[in-house]
Structure formats: structure tokens, C-alpha cells
$ cat final04.txt   # compact mmCIF, C-alpha atoms
# COMPACT_ATOMS: atom_id res chain seq x y z
CA GLN U 15 9.33 -4.25 -15.05
CA ASN U 16 8.09 -4.24 -18.64
CA GLY U 17 5.35 -6.83 -18.26
CA HIS U 18 6.78 -9.52 -20.52
CA GLN U 19 4.61 -12.39 -19.32
CA ASP U 20 6.03 -14.89 -21.83
CA VAL U 21 9.59 -14.22 -20.63
CA VAL U 22 8.50 -14.48 -17.00
CA ALA U 23 6.89 -17.87 -17.73
CA LEU U 24 10.12 -19.16 -19.29
CA LEU U 25 12.24 -17.90 -16.40
CA LEU U 26 9.95 -19.51 -13.83
CA GLN U 27 10.55 -22.87 -15.56
CA ALA U 28 14.33 -22.48 -15.69
CA PRO U 29 16.23 -24.84 -13.35
CA GLY U 30 17.66 -23.06 -10.33
CA PHE U 31 15.78 -19.82 -10.98
CA ASP U 32 14.83 -18.00 -7.77
CA PRO U 33 11.73 -15.84 -8.31
CA ASN U 34 12.36 -13.97 -5.05
CA VAL U 35 15.74 -12.50 -5.96
CA CYS U 36 15.72 -8.77 -5.33
CA THR U 37 17.15 -5.99 -7.43
CA HIS U 38 20.29 -4.53 -5.91
CA LYS U 39 18.65 -1.09 -6.01
CA GLY U 40 16.02 -0.87 -3.32
CA SER U 41 15.82 -4.65 -2.88
CA ALA U 42 12.55 -4.94 -4.82
CA THR U 43 11.38 -8.43 -5.78
CA PRO U 44 9.96 -9.23 -9.23
CA LEU U 45 6.49 -9.39 -7.64
CA TYR U 46 6.97 -5.92 -6.14
CA ILE U 47 8.09 -4.49 -9.49
CA ALA U 48 5.23 -6.10 -11.43
CA SER U 49 2.74 -4.87 -8.81
CA TYR U 50 4.09 -1.33 -8.88
CA ASN U 51 3.96 -1.21 -12.68
CA GLY U 52 0.47 -2.71 -12.94
CA HIS U 53 1.38 -5.89 -14.83
CA LEU U 54 -1.54 -8.04 -13.70
CA GLU U 55 -0.76 -11.09 -15.86
CA VAL U 56 2.83 -11.15 -14.61
CA VAL U 57 1.56 -10.87 -11.03
CA HIS U 58 -0.77 -13.83 -11.66
CA ALA U 59 2.09 -15.86 -13.16
CA LEU U 60 4.33 -15.11 -10.19
CA LEU U 61 1.63 -15.86 -7.63
CA ALA U 62 0.92 -19.19 -9.34
CA ASP U 63 4.49 -20.25 -8.52
CA PRO U 64 4.59 -21.71 -4.98
CA ARG U 65 8.20 -20.52 -4.57
CA VAL U 66 7.15 -16.87 -4.72
CA GLN U 67 6.93 -15.33 -1.26
CA PRO U 68 4.32 -12.56 -1.58
CA ASP U 69 5.11 -10.74 1.65
CA LEU U 70 8.81 -10.04 1.05
CA ARG U 71 9.68 -6.38 1.62
CA ASP U 72 12.01 -3.83 0.09
CA ARG U 73 14.60 -1.86 2.07
CA GLN U 74 11.99 0.64 3.22
CA GLY U 75 9.67 -2.13 4.41
CA GLY U 76 7.15 -1.98 1.58
CA ASN U 77 5.75 -5.23 0.19
CA ALA U 78 4.06 -5.88 -3.16
CA LEU U 79 0.66 -4.94 -1.72
CA TYR U 80 2.10 -1.58 -0.66
CA ALA U 81 3.51 -1.07 -4.17
CA ALA U 82 0.15 -1.84 -5.80
CA CYS U 83 -1.67 0.51 -3.40
CA GLN U 84 0.89 3.25 -3.98
CA MET U 85 0.15 3.22 -7.70
CA GLY U 86 -3.61 2.58 -7.47
CA GLN U 87 -3.43 -0.88 -9.06
CA LEU U 88 -6.83 -2.18 -7.90
CA PRO U 89 -6.85 -5.46 -9.91
CA ILE U 90 -3.51 -6.38 -8.35
CA VAL U 91 -4.74 -5.47 -4.87
CA GLU U 92 -7.72 -7.78 -5.54
CA ALA U 93 -5.35 -10.58 -6.57
CA PHE U 94 -3.49 -10.30 -3.26
CA PHE U 95 -6.70 -10.48 -1.23
CA GLN U 96 -7.66 -13.67 -3.10
CA LEU U 97 -4.54 -15.56 -2.03
CA PRO U 98 -5.08 -18.65 0.12
CA PRO U 99 -4.54 -18.15 3.88
CA ASN U 100 -1.12 -19.82 3.85
CA ARG U 101 0.15 -17.25 1.31
CA CYS U 102 -1.80 -14.14 2.23
CA MET U 103 -0.04 -10.88 2.93
CA ASP U 104 -0.29 -8.83 6.10
CA PRO U 105 -2.49 -5.91 5.02
CA ASN U 106 -1.22 -3.89 8.00
CA ALA U 107 2.50 -4.45 7.30
CA ARG U 108 4.38 -1.27 8.14
CA THR U 109 7.20 0.43 6.29
CA SER U 110 10.28 1.78 8.03
CA LEU U 111 8.32 5.04 8.53
CA GLY U 112 5.36 3.17 10.01
CA GLY U 113 3.05 3.63 7.04
CA THR U 114 0.78 0.89 5.70
CA ALA U 115 -0.72 0.07 2.32
CA LEU U 116 -3.81 2.00 3.41
CA HIS U 117 -1.69 5.04 4.32
CA ILE U 118 -0.08 5.21 0.88
CA ALA U 119 -3.38 4.68 -0.94
CA CYS U 120 -4.90 7.55 1.09
CA GLN U 121 -1.87 9.77 0.59
CA ASN U 122 -1.97 9.25 -3.18
CA GLY U 123 -5.73 9.71 -3.49
CA HIS U 124 -6.64 6.22 -4.71
CA SER U 125 -10.19 6.09 -3.32
CA HIS U 126 -11.05 2.89 -5.21
CA VAL U 127 -8.12 1.11 -3.54
CA VAL U 128 -8.96 2.63 -0.13
CA ARG U 129 -12.53 1.33 -0.49
CA ARG U 130 -11.24 -2.18 -1.30
CA LEU U 131 -8.76 -2.21 1.57
CA LEU U 132 -11.39 -1.12 4.08
CA ALA U 133 -13.70 -3.91 2.88
CA ASP U 134 -11.30 -6.40 4.46
CA PRO U 135 -11.86 -6.64 8.24
CA ARG U 136 -8.15 -7.31 8.81
CA VAL U 137 -7.22 -3.82 7.59
CA ASP U 138 -6.83 -1.44 10.53
CA PRO U 139 -7.49 2.17 9.52
CA THR U 140 -6.48 3.47 12.96
CA ILE U 141 -2.78 2.59 12.66
CA THR U 142 -0.55 5.65 12.89
CA SER U 143 2.81 6.20 11.24
CA HIS U 144 5.88 6.75 13.39
CA GLU U 145 5.09 10.48 13.21
CA GLY U 146 1.57 9.81 14.43
CA ALA U 147 -0.14 10.36 11.07
CA THR U 148 -3.36 8.45 10.52
CA CYS U 149 -4.81 7.56 7.13
CA MET U 150 -7.24 10.45 7.60
CA VAL U 151 -4.33 12.83 8.17
CA SER U 152 -2.62 11.56 5.00
CA ALA U 153 -5.75 12.17 2.93
CA CYS U 154 -6.52 15.59 4.46
CA GLN U 155 -2.97 16.83 4.10
CA ARG U 156 -3.06 16.08 0.36
CA GLY U 157 -6.58 17.36 -0.19
CA HIS U 158 -8.10 14.05 -1.29
CA ALA U 159 -11.77 14.77 -0.50
CA GLU U 160 -13.08 11.55 -2.03
CA VAL U 161 -10.71 9.49 0.12
CA VAL U 162 -11.77 11.46 3.21
CA GLY U 163 -15.38 10.59 2.38
CA VAL U 164 -14.55 6.90 2.04
CA LEU U 165 -12.72 6.94 5.38
CA LEU U 166 -15.56 8.74 7.15
CA ALA U 167 -18.09 6.26 5.75
CA ASP U 168 -16.09 3.38 7.24
CA GLY U 169 -16.98 4.32 10.81
CA ARG U 170 -13.71 3.11 12.35
CA VAL U 171 -11.88 6.31 11.47
CA SER U 172 -12.08 9.36 13.71
CA PRO U 173 -11.93 12.73 11.98
CA CYS U 174 -10.78 14.24 15.29
CA GLN U 175 -7.74 12.11 16.13
CA PRO U 176 -4.72 14.44 16.21
CA MET U 177 -1.36 13.33 14.94
CA GLY U 178 1.79 13.49 17.04
CA TRP U 179 4.90 15.55 16.37
CA SER U 180 5.82 15.82 12.70
CA GLU U 181 9.44 16.50 11.80
CA VAL U 182 8.37 17.25 8.23
CA LEU U 183 5.69 19.77 9.19
CA GLN U 184 7.37 20.92 12.41
CA MET U 185 3.95 20.69 14.09
CA ASP U 186 2.39 18.79 16.96
CA ASP U 187 -1.15 17.61 17.74
CA CYS U 188 -2.59 18.61 14.36
CA THR U 189 -6.09 17.41 13.60
CA PRO U 190 -7.12 16.39 10.08
CA LEU U 191 -9.23 19.58 9.84
CA TYR U 192 -6.26 21.73 10.85
CA LEU U 193 -4.08 20.10 8.18
CA ALA U 194 -6.74 20.54 5.51
CA CYS U 195 -6.96 24.23 6.42
CA HIS U 196 -3.18 24.60 6.64
CA PHE U 197 -2.72 23.17 3.16
CA ALA U 198 -5.74 25.08 1.73
CA CYS U 199 -7.76 21.95 0.96
CA VAL U 200 -11.22 23.49 0.76
CA GLU U 201 -13.23 20.37 -0.08

$ encode --input "final04.txt" --output "C-alpha cells"
Amino acid sequence: QNGHQDVVALLLQAPGFDPNVCTHKGSATPLYIASYNGHLEVVHALLADPRVQPDLRDRQGGNALYAACQMGQLPIVEAFFQLPPNRCMDPNARTSLGGTALHIACQNGHSHVVRRLLADPRVDPTITSHEGATCMVSACQRGHAEVVGVLLADGRVSPCQPMGWSEVLQMDDCTPLYLACHFACVE
């Protein structure tokens, strides 16, 4: 949590230490916590340990890639995409609400992370959440014009795809344009 790389290195060498043990609150692994907090050197130390399972998820279904994307931690996202095939993470892993790492990066306006995610052909920008929200919807709803531009430039994303029923918004079949207008996102 605090990025103490030297302490992490000592713990990884301790006999019987399990680097995948989760916190009791939220079931976050050390890799998830380091990713969320942007501690790149700790992430590298953890990933260098073959016992670390990169794709473990918290109670809501988010993995360490999701955590890094949520906070805009581009160097950590890069580290995950450089893992060997036998340790790589599913870039389309879904949370309990159906969101992906790309969804959360779009929702939080991290255009640099969105650009990196879309550069990987495995990332599917057309996945919808359980409420039917696309990545485009997430970006439009929050007014992230730069992210919308990155998504439109990708070519796989439709600006016209409506979302399904939203319990949160109490709306159905909203297009990204409608949501941008509804939330007064002029750009």
C-alpha cells in the first residue's frame, strides 16, 4: 500500500510467505493494492515472483489491471501487457457489474490508458456492462471528450449504439449523444 519495495523484497524471500493472500477488506491482493496506488517498482517485484497470480480478482471482480486502469497508472498497465503468455491477464475480465478495465479507464477519463488498452487487439471495446453501458457511454456520461475522441478513432466503437435499461439513470435505450446532452457535456 505504501510502496516499500525493500520490505516487499524481504517478505517475498520469507519461507512460507504467500504473495497472493488477500486483505480481509475487499479481498484485494498485494498486486492489486500496489497497482491501484501506482507503486511500479513493487509491481515489478511482485510480478518477478512466479508464485504471484496476476489475474486474481477482488470481491467485485476487479483484477490488478482493472485497479491500474481505474487510477490511470499507465506504466503499470504497460507492465501487465508485457507479461509472458502463460502469466498474462485477461484484458476483458469483467467485474460483478460487467465492466472491464477499458470501461473504468473511460469512465475516469484516463485517455492515455484508453489509448494503450485499445492498442492491444485482445481488448474488446464493444463489451457492454450488465446495464448495457458501452465504453463510449461511460465516457460520454462523464463528459470525457478526449476519451470519446480516442474511442472514435479506434473504429471498432459505434457512437450510435444505445445502452439498455439503466437502474441508476432510470432510462432505456440511451445513445451516447443523448447521455452527453442529458449530463450537459458540451464538448

$ residues_around --input "final04.txt" --residues "Arg73 (chain U)" --least-positions-apart "3" --cutoff "9 Å" --atoms "all atoms listed in the file" --output "list in words"
Gly40, Ser41, Ala42, Gly76, Thr109 and Ser110 of chain U

$ closest_atom_pairs --input "final04.txt" --of "region 78-127 of chain U" --to "region 153-169 of chain U" --cutoff "9 Å" --atoms "all atoms listed in the file" --output "JSON lines"
{"residue": "U:His117", "atom": "CA", "partner": "U:Ala153", "partner_atom": "CA", "distance": 8.3}
{"residue": "U:Ala119", "atom": "CA", "partner": "U:Ala153", "partner_atom": "CA", "distance": 8.8}
{"residue": "U:Cys120", "atom": "CA", "partner": "U:Ala153", "partner_atom": "CA", "distance": 5.0}
{"residue": "U:Gln121", "atom": "CA", "partner": "U:Ala153", "partner_atom": "CA", "distance": 5.1}
{"residue": "U:Asn122", "atom": "CA", "partner": "U:Ala153", "partner_atom": "CA", "distance": 7.8}
{"residue": "U:Gly123", "atom": "CA", "partner": "U:His158", "partner_atom": "CA", "distance": 5.4}
{"residue": "U:His124", "atom": "CA", "partner": "U:Val161", "partner_atom": "CA", "distance": 7.1}
{"residue": "U:Ser125", "atom": "CA", "partner": "U:Val161", "partner_atom": "CA", "distance": 4.9}
{"residue": "U:His126", "atom": "CA", "partner": "U:Val161", "partner_atom": "CA", "distance": 8.5}

$ write_last_selection --input "final04.txt" --atoms "C-alpha atoms" --output "mmCIF file, in the coordinates of the input"
data_model
loop_
_atom_site.group_PDB
_atom_site.id
_atom_site.type_symbol
_atom_site.label_atom_id
_atom_site.label_comp_id
_atom_site.auth_asym_id
_atom_site.auth_seq_id
_atom_site.Cartn_x
_atom_site.Cartn_y
_atom_site.Cartn_z
ATOM 1 C CA HIS U 117 -1.690 5.040 4.320
ATOM 2 C CA ALA U 119 -3.380 4.680 -0.940
ATOM 3 C CA CYS U 120 -4.900 7.550 1.090
ATOM 4 C CA GLN U 121 -1.870 9.770 0.590
ATOM 5 C CA ASN U 122 -1.970 9.250 -3.180
ATOM 6 C CA GLY U 123 -5.730 9.710 -3.490
ATOM 7 C CA HIS U 124 -6.640 6.220 -4.710
ATOM 8 C CA SER U 125 -10.190 6.090 -3.320
ATOM 9 C CA HIS U 126 -11.050 2.890 -5.210
#

$ atom_distance --input "final04.txt" --atom1 "CA of Val91 (chain U)" --atom2 "CA of Asn106 (chain U)"
13.4 Å

$ atom_distance --input "final04.txt" --atom1 "CA of Ala23 (chain U)" --atom2 "CA of Gly86 (chain U)"
25.2 Å

$ residues_around --input "final04.txt" --residues "Ala59 (chain U)" --least-positions-apart "6" --cutoff "10 Å" --atoms "only C-alpha atoms" --output "PyMOL selection string"
chain U and resi 19-20+22-23+26+45+66

$ closest_residue --input "final04.txt" --among "U:Leu116, U:Met85, U:Ile47, U:Ala62" --to "Leu97 (chain U)" --atoms "all atoms listed in the file"
U:Ala62

$ closest_residue --input "final04.txt" --among "U:Leu111, U:Ala93, U:Cys36, U:Val21" --to "Gly52 (chain U)" --atoms "all atoms listed in the file"
U:Ala93

$ atom_distance --input "final04.txt" --atom1 "CA of Ala28 (chain U)" --atom2 "CA of Asp72 (chain U)"
24.5 Å

$ residues_around --input "final04.txt" --residues "Asn51 (chain U)" --least-positions-apart "2" --cutoff "12 Å" --atoms "only C-alpha atoms" --output "ChimeraX atom specification"
/U:15-18,44-49,53-57,78,81-90
